[in-house]
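Heads up, the thing below is written out as structure tokens.
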Amino acid sequence: MDCLKGNNLEELTTKEICLLVKEGDLPSHIAIIMDGNGRWAEKRGLPRLAGHREGIKSVRDAVTLCRELGISALTIYAFSVENWMRPRREVVTLMNLLEEYLQRELKTLLQNEVRFKTIGRIEQLPASVIRWIRNVEEKTEKNDKMTLTLALSYSGRTEITDAVNKIINDYSNGRLKDREITELTFSGYLYTNFLPEPDLLIRTSGEARLSNFLLWEIAYTELYFTGTLWPDFRKRDMLLAILDYQKRERRFGLIKEQVAGKGIKRSRGAQ
Ligand code: IPE
Ligand code: IPE
Ligand code: MG
């Protein structure tokens, strides 16, 4: 594949880019802030719903590609705590789409041995959505090829404050004895305690902000911002994001010579 390396990426087919990506170090966990559905629809004179519907196809592409590449975790920001303040009609539409997605995807997730999980204040979602979430979570529980996590009614700050409150609670009822909380103990109280920290975070639509996503977990994550709107972000775009990640040198505060060729990864927190 060395012959492809000097080429302009635009001249390469998606298949060729895929082969290049497979040669490099793959991220174990990719997190995505999927953004730009509304603008995608607006540009076409369509209702925002059309953008959200089209965006589901990009979610499918991302899941399939990560599974194909052997990436073990994919976390997608689908609905934030702040998104509850959008016009009621849009919130209802998003909840309906979510339920439809869960009903439709169960079969594919089972076939591909993908485990489905959620993070966020799930109890705030409509009852029928919660039922579907629990159903898909239970049915896919034993799958171990990849973990797909949807962040729903999620906020990085509520994740941190919820963790603090759980710690206080566990301490008062004697379940937690430690007088000093380490990073490792703390991260065990986060919604994401079943996941490694993300290696790569992708945000689409041109915004260069985090919008309250995984604030604790992304301390050393590589960030990738692209102007592409989420419904247009397909396999090729995702491959290009991974390729960009593979060109970076992650140092975790060390110097070049210490990390060279060692493939150092940061764990969930210092003791
Ligand atoms: C992302 O697209 C999906 C959600 C936040 C649910 P947006 O709906 O934010 O689309 P824009 O940013 O308005 O274009
Ligand atoms: C972030 O997108 C939340 C999700 C992708 C679910 P937003 O569209 O809500 O973020 P802002 O408002 O542009 O910061
Ligand atoms: Mg947006």
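Simple scheme: letters A, B, ... for chains in structure tokens order, numbers from 1 for residues in each chain, numbers from 1 for ligands in the order shown.
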
Could you report the residues within 7 Å of ligand 1, using only C-alpha atoms and all ligand atoms, as a ChimeraX atom specification?
/A:34-40,52,78-79,83,94

Selection from above, N, CA and C atoms, as a PDB file, in the first residue's frame, can you write it?
ATOM      1  N   MET A  34     -22.739  14.563  16.486  1.00  0.00           N
ATOM      2  CA  MET A  34     -23.334  14.662  15.144  1.00  0.00           C
ATOM      3  C   MET A  34     -24.134  15.958  15.098  1.00  0.00           C
ATOM      4  N   ASP A  35     -23.708  16.852  14.248  1.00  0.00           N
ATOM      5  CA  ASP A  35     -24.351  18.158  14.217  1.00  0.00           C
ATOM      6  C   ASP A  35     -24.568  18.617  12.778  1.00  0.00           C
ATOM      7  N   GLY A  36     -25.627  19.383  12.566  1.00  0.00           N
ATOM      8  CA  GLY A  36     -25.867  19.978  11.258  1.00  0.00           C
ATOM      9  C   GLY A  36     -27.077  19.403  10.520  1.00  0.00           C
ATOM     10  N   ASN A  37     -27.887  18.607  11.211  1.00  0.00           N
ATOM     11  CA  ASN A  37     -29.072  18.042  10.547  1.00  0.00           C
ATOM     12  C   ASN A  37     -30.046  19.137  10.104  1.00  0.00           C
ATOM     13  N   GLY A  38     -30.246  20.109  10.997  1.00  0.00           N
ATOM     14  CA  GLY A  38     -31.190  21.188  10.712  1.00  0.00           C
ATOM     15  C   GLY A  38     -30.730  21.992   9.505  1.00  0.00           C
ATOM     16  N   ARG A  39     -29.428  22.357   9.479  1.00  0.00           N
ATOM     17  CA  ARG A  39     -28.905  23.162   8.375  1.00  0.00           C
ATOM     18  C   ARG A  39     -28.940  22.387   7.059  1.00  0.00           C
ATOM     19  N   TRP A  40     -28.731  21.091   7.135  1.00  0.00           N
ATOM     20  CA  TRP A  40     -28.781  20.239   5.926  1.00  0.00           C
ATOM     21  C   TRP A  40     -30.178  20.346   5.303  1.00  0.00           C
ATOM     22  N   HIS A  52     -32.925  15.222  10.215  1.00  0.00           N
ATOM     23  CA  HIS A  52     -32.731  14.207  11.263  1.00  0.00           C
ATOM     24  C   HIS A  52     -32.881  12.801  10.666  1.00  0.00           C
ATOM     25  N   ALA A  78     -26.585  12.083  20.755  1.00  0.00           N
ATOM     26  CA  ALA A  78     -27.820  12.157  19.976  1.00  0.00           C
ATOM     27  C   ALA A  78     -28.794  13.198  20.513  1.00  0.00           C
ATOM     28  N   PHE A  79     -28.750  13.466  21.825  1.00  0.00           N
ATOM     29  CA  PHE A  79     -29.692  14.435  22.397  1.00  0.00           C
ATOM     30  C   PHE A  79     -29.130  14.932  23.724  1.00  0.00           C
ATOM     31  N   ASN A  83     -30.972  20.249  24.687  1.00  0.00           N
ATOM     32  CA  ASN A  83     -31.888  20.071  23.540  1.00  0.00           C
ATOM     33  C   ASN A  83     -33.367  19.978  23.966  1.00  0.00           C
ATOM     34  N   LEU A  94     -37.883  14.175  17.441  1.00  0.00           N
ATOM     35  CA  LEU A  94     -36.630  13.468  17.744  1.00  0.00           C
ATOM     36  C   LEU A  94     -36.884  12.217  18.583  1.00  0.00           C
TER      37      LEU A  94
END

Enumerate, as number ranges by chain, the complete set of residues in range 21-238 of chain A that a backbone-based DSSP assignment places in alpha helix (DSSP H).
A: 21-23, 37-43, 48-69, 88-111, 127-140, 156-172, 183-187, 235-238

Compare A:Leu97, A:Ile17, A:Leu46, A:Ala151 by their minimum atom-to-atom distance to ligand 2, counting only C-alpha atoms and all ligand atoms, and give me the closest one.
A:Ala151

From A:Lys145, A:Arg104, A:Lys139, A:Arg203, residue lying nearest Ala241 in chain A [only C-alpha atoms]
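Closest candidate: A:Arg203.
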
Can you check which parts of range 154-175 of chain A lie within 12 Å of range 110-125 of chain A? Per residue, the shortest pair of atoms and distance in Å to one decimal, counting only C-alpha atoms, sorted by chain and number, as JSON lines.
{"residue": "A:Tyr154", "atom": "CA", "partner": "A:Gly120", "partner_atom": "CA", "distance": 4.1}
{"residue": "A:Ser155", "atom": "CA", "partner": "A:Gly120", "partner_atom": "CA", "distance": 6.9}
{"residue": "A:Gly156", "atom": "CA", "partner": "A:Gly120", "partner_atom": "CA", "distance": 8.8}
{"residue": "A:Arg157", "atom": "CA", "partner": "A:Gly120", "partner_atom": "CA", "distance": 10.6}
{"residue": "A:Thr158", "atom": "CA", "partner": "A:Gly120", "partner_atom": "CA", "distance": 8.3}
{"residue": "A:Glu159", "atom": "CA", "partner": "A:Gly120", "partner_atom": "CA", "distance": 7.2}
{"residue": "A:Ile160", "atom": "CA", "partner": "A:Gly120", "partner_atom": "CA", "distance": 11.0}
{"residue": "A:Thr161", "atom": "CA", "partner": "A:Arg121", "partner_atom": "CA", "distance": 11.9}
{"residue": "A:Asp162", "atom": "CA", "partner": "A:Arg121", "partner_atom": "CA", "distance": 9.5}
{"residue": "A:Ala163", "atom": "CA", "partner": "A:Gly120", "partner_atom": "CA", "distance": 11.7}

At a cut-off of 10 Å, using only C-alpha atoms, what residues contact Tyr245 in chain A? Leave out same-chain residues fewer than 2 positions from it and give the result as a list in words.
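Counting only the stated atoms, we get Val21, Gly24, Asp25, Leu26, Pro27, Asp199, Leu200, Leu201, Glu222, Leu223, Tyr224, Leu239, Leu240, Ala241, Ile242, Leu243, Lys247, Arg248, Glu249 and Arg250 of chain A.
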
Set the distance at 6 Å and use only C-alpha atoms: which residues neighbour range 63-77 of chain A once local chain neighbours fewer than 3 positions away are removed? I'd like the list as a PyMOL selection string.
chain A and resi 28-33+60+146-151

Test item: residues at most 10 Å from Arg266 in chain A, only C-alpha atoms, excluding those fewer than 4 positions along its chain, as a list of chain:residue names
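Counting only the stated atoms, we get A:Pro196, A:Glu197, A:Pro198, A:Asp199, A:Ala219, A:Tyr220, A:Thr221, A:Arg250, A:Arg251, A:Phe252, A:Ala270.
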
For Glu180 in chain A, work out the shell of residues within 12 Å, counting only C-alpha atoms and skipping chain neighbours fewer than 4 positions away, then give it as an mmCIF file with C-alpha atoms, in the first residue's frame.
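What landed in part-v5.cif:
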data_model
loop_
_atom_site.group_PDB
_atom_site.id
_atom_site.type_symbol
_atom_site.label_atom_id
_atom_site.label_comp_id
_atom_site.auth_asym_id
_atom_site.auth_seq_id
_atom_site.Cartn_x
_atom_site.Cartn_y
_atom_site.Cartn_z
ATOM 1 C CA ILE A 167 -20.169 9.405 45.856
ATOM 2 C CA TYR A 171 -19.971 7.466 51.478
ATOM 3 C CA LEU A 176 -17.583 3.745 49.887
ATOM 4 C CA LEU A 184 -9.906 6.276 39.072
ATOM 5 C CA THR A 185 -12.587 6.109 41.771
ATOM 6 C CA PHE A 186 -14.245 9.190 40.341
ATOM 7 C CA GLN A 271 -4.723 6.332 41.130
#

Where does DSSP see strand (DSSP E) in range 70-222 of chain A, if you list the residues as number ranges by chain?
A: 73-80, 114-119, 146-154, 200-203, 222

Quick one: write out the picked residues with N, CA, C and O atoms as a short mmCIF file (atom, residue, chain, number, x, y, z; two decimals), in the first residue's frame?
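Wrote it out as result.cif, contents follow:
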data_model
loop_
_atom_site.label_atom_id
_atom_site.label_comp_id
_atom_site.auth_asym_id
_atom_site.auth_seq_id
_atom_site.Cartn_x
_atom_site.Cartn_y
_atom_site.Cartn_z
N ALA A 73 -15.37 0.62 20.39
CA ALA A 73 -16.45 1.44 20.96
C ALA A 73 -16.74 2.68 20.12
O ALA A 73 -15.82 3.36 19.65
N LEU A 74 -18.02 2.94 19.95
CA LEU A 74 -18.48 4.14 19.24
C LEU A 74 -19.55 4.80 20.11
O LEU A 74 -20.51 4.15 20.52
N THR A 75 -19.33 6.08 20.42
CA THR A 75 -20.29 6.79 21.27
C THR A 75 -20.83 7.99 20.51
O THR A 75 -20.06 8.82 20.03
N ILE A 76 -22.13 8.08 20.41
CA ILE A 76 -22.75 9.13 19.60
C ILE A 76 -23.64 10.03 20.46
O ILE A 76 -24.50 9.55 21.20
N TYR A 77 -23.40 11.34 20.33
CA TYR A 77 -24.19 12.34 21.06
C TYR A 77 -25.46 12.57 20.24
O TYR A 77 -25.43 13.17 19.16
N ALA A 78 -26.58 12.08 20.75
CA ALA A 78 -27.82 12.16 19.98
C ALA A 78 -28.79 13.20 20.51
O ALA A 78 -29.60 13.75 19.76
N PHE A 79 -28.75 13.47 21.83
CA PHE A 79 -29.69 14.43 22.40
C PHE A 79 -29.13 14.93 23.72
O PHE A 79 -28.85 14.15 24.62
N SER A 80 -28.97 16.26 23.81
CA SER A 80 -28.37 16.81 25.03
C SER A 80 -29.45 17.27 26.01
O SER A 80 -30.61 17.45 25.62
N VAL A 114 -23.26 -6.39 18.05
CA VAL A 114 -22.97 -5.09 18.66
C VAL A 114 -23.77 -4.95 19.95
O VAL A 114 -24.97 -5.21 19.99
N ARG A 115 -23.08 -4.53 21.01
CA ARG A 115 -23.76 -4.28 22.29
C ARG A 115 -24.26 -2.84 22.28
O ARG A 115 -23.53 -1.94 21.92
N PHE A 116 -25.50 -2.64 22.68
CA PHE A 116 -26.08 -1.30 22.71
C PHE A 116 -26.15 -0.78 24.14
O PHE A 116 -26.61 -1.49 25.04
N LYS A 117 -25.70 0.45 24.34
CA LYS A 117 -25.74 1.06 25.67
C LYS A 117 -26.18 2.52 25.55
O LYS A 117 -26.10 3.11 24.45
N THR A 118 -26.56 3.11 26.66
CA THR A 118 -26.91 4.54 26.65
C THR A 118 -26.22 5.22 27.83
O THR A 118 -25.91 4.57 28.84
N ILE A 119 -26.00 6.52 27.70
CA ILE A 119 -25.52 7.32 28.82
C ILE A 119 -26.36 8.59 28.87
O ILE A 119 -26.81 9.08 27.83
N MET A 146 -18.47 -5.01 19.49
CA MET A 146 -18.37 -3.55 19.55
C MET A 146 -19.44 -3.01 20.51
O MET A 146 -20.48 -3.65 20.68
N THR A 147 -19.16 -1.88 21.14
CA THR A 147 -20.19 -1.24 21.98
C THR A 147 -20.63 0.05 21.32
O THR A 147 -19.80 0.94 21.08
N LEU A 148 -21.92 0.14 21.02
CA LEU A 148 -22.48 1.37 20.48
C LEU A 148 -23.22 2.06 21.63
O LEU A 148 -24.15 1.49 22.20
N THR A 149 -22.79 3.27 21.98
CA THR A 149 -23.43 3.99 23.07
C THR A 149 -24.08 5.27 22.55
O THR A 149 -23.43 6.04 21.84
N LEU A 150 -25.34 5.46 22.88
CA LEU A 150 -26.01 6.71 22.52
C LEU A 150 -26.09 7.60 23.75
O LEU A 150 -26.52 7.15 24.82
N ALA A 151 -25.65 8.85 23.61
CA ALA A 151 -25.78 9.82 24.69
C ALA A 151 -27.13 10.50 24.52
O ALA A 151 -27.38 11.19 23.52
N LEU A 152 -28.02 10.28 25.50
CA LEU A 152 -29.40 10.78 25.40
C LEU A 152 -29.77 11.53 26.67
O LEU A 152 -29.55 11.00 27.77
N SER A 153 -30.33 12.70 26.51
CA SER A 153 -30.57 13.58 27.65
C SER A 153 -29.26 13.64 28.45
O SER A 153 -29.22 13.47 29.65
N TYR A 154 -28.20 13.88 27.70
CA TYR A 154 -26.86 13.85 28.24
C TYR A 154 -26.30 15.26 28.42
O TYR A 154 -26.56 16.15 27.60
N LEU A 200 -10.57 9.42 19.80
CA LEU A 200 -10.87 10.41 18.76
C LEU A 200 -12.29 10.93 18.95
O LEU A 200 -13.22 10.15 19.15
N LEU A 201 -12.42 12.26 18.92
CA LEU A 201 -13.75 12.88 18.97
C LEU A 201 -13.96 13.66 17.67
O LEU A 201 -13.15 14.50 17.30
N ILE A 202 -15.05 13.34 16.99
CA ILE A 202 -15.36 14.01 15.72
C ILE A 202 -16.56 14.93 15.94
O ILE A 202 -17.55 14.53 16.55
N ARG A 203 -16.47 16.18 15.45
CA ARG A 203 -17.67 17.02 15.42
C ARG A 203 -17.89 17.53 14.01
O ARG A 203 -17.00 18.11 13.39
N GLU A 222 -8.03 13.10 20.92
CA GLU A 222 -7.71 13.89 19.73
C GLU A 222 -9.02 14.43 19.14
O GLU A 222 -9.99 13.68 18.97
#

Of the candidates A:Val81, A:Cys18, A:Val136, A:Leu195, which one gets nearest to ligand 2 if we count only C-alpha atoms and all ligand atoms?
A:Val81

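In this structure, CA of Ala208 in chain A sits 25.8 Å away from CA of Leu98 in chain A.
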
One number please: atom 5 (C, counted along the ligand's line) of ligand 2 to CA of Thr13 in chain A, in Å, one decimal.
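Computed distance, atom 5 (C, counted along the ligand's line) of ligand 2 to CA of Thr13 in chain A, equals 29.0 Å.
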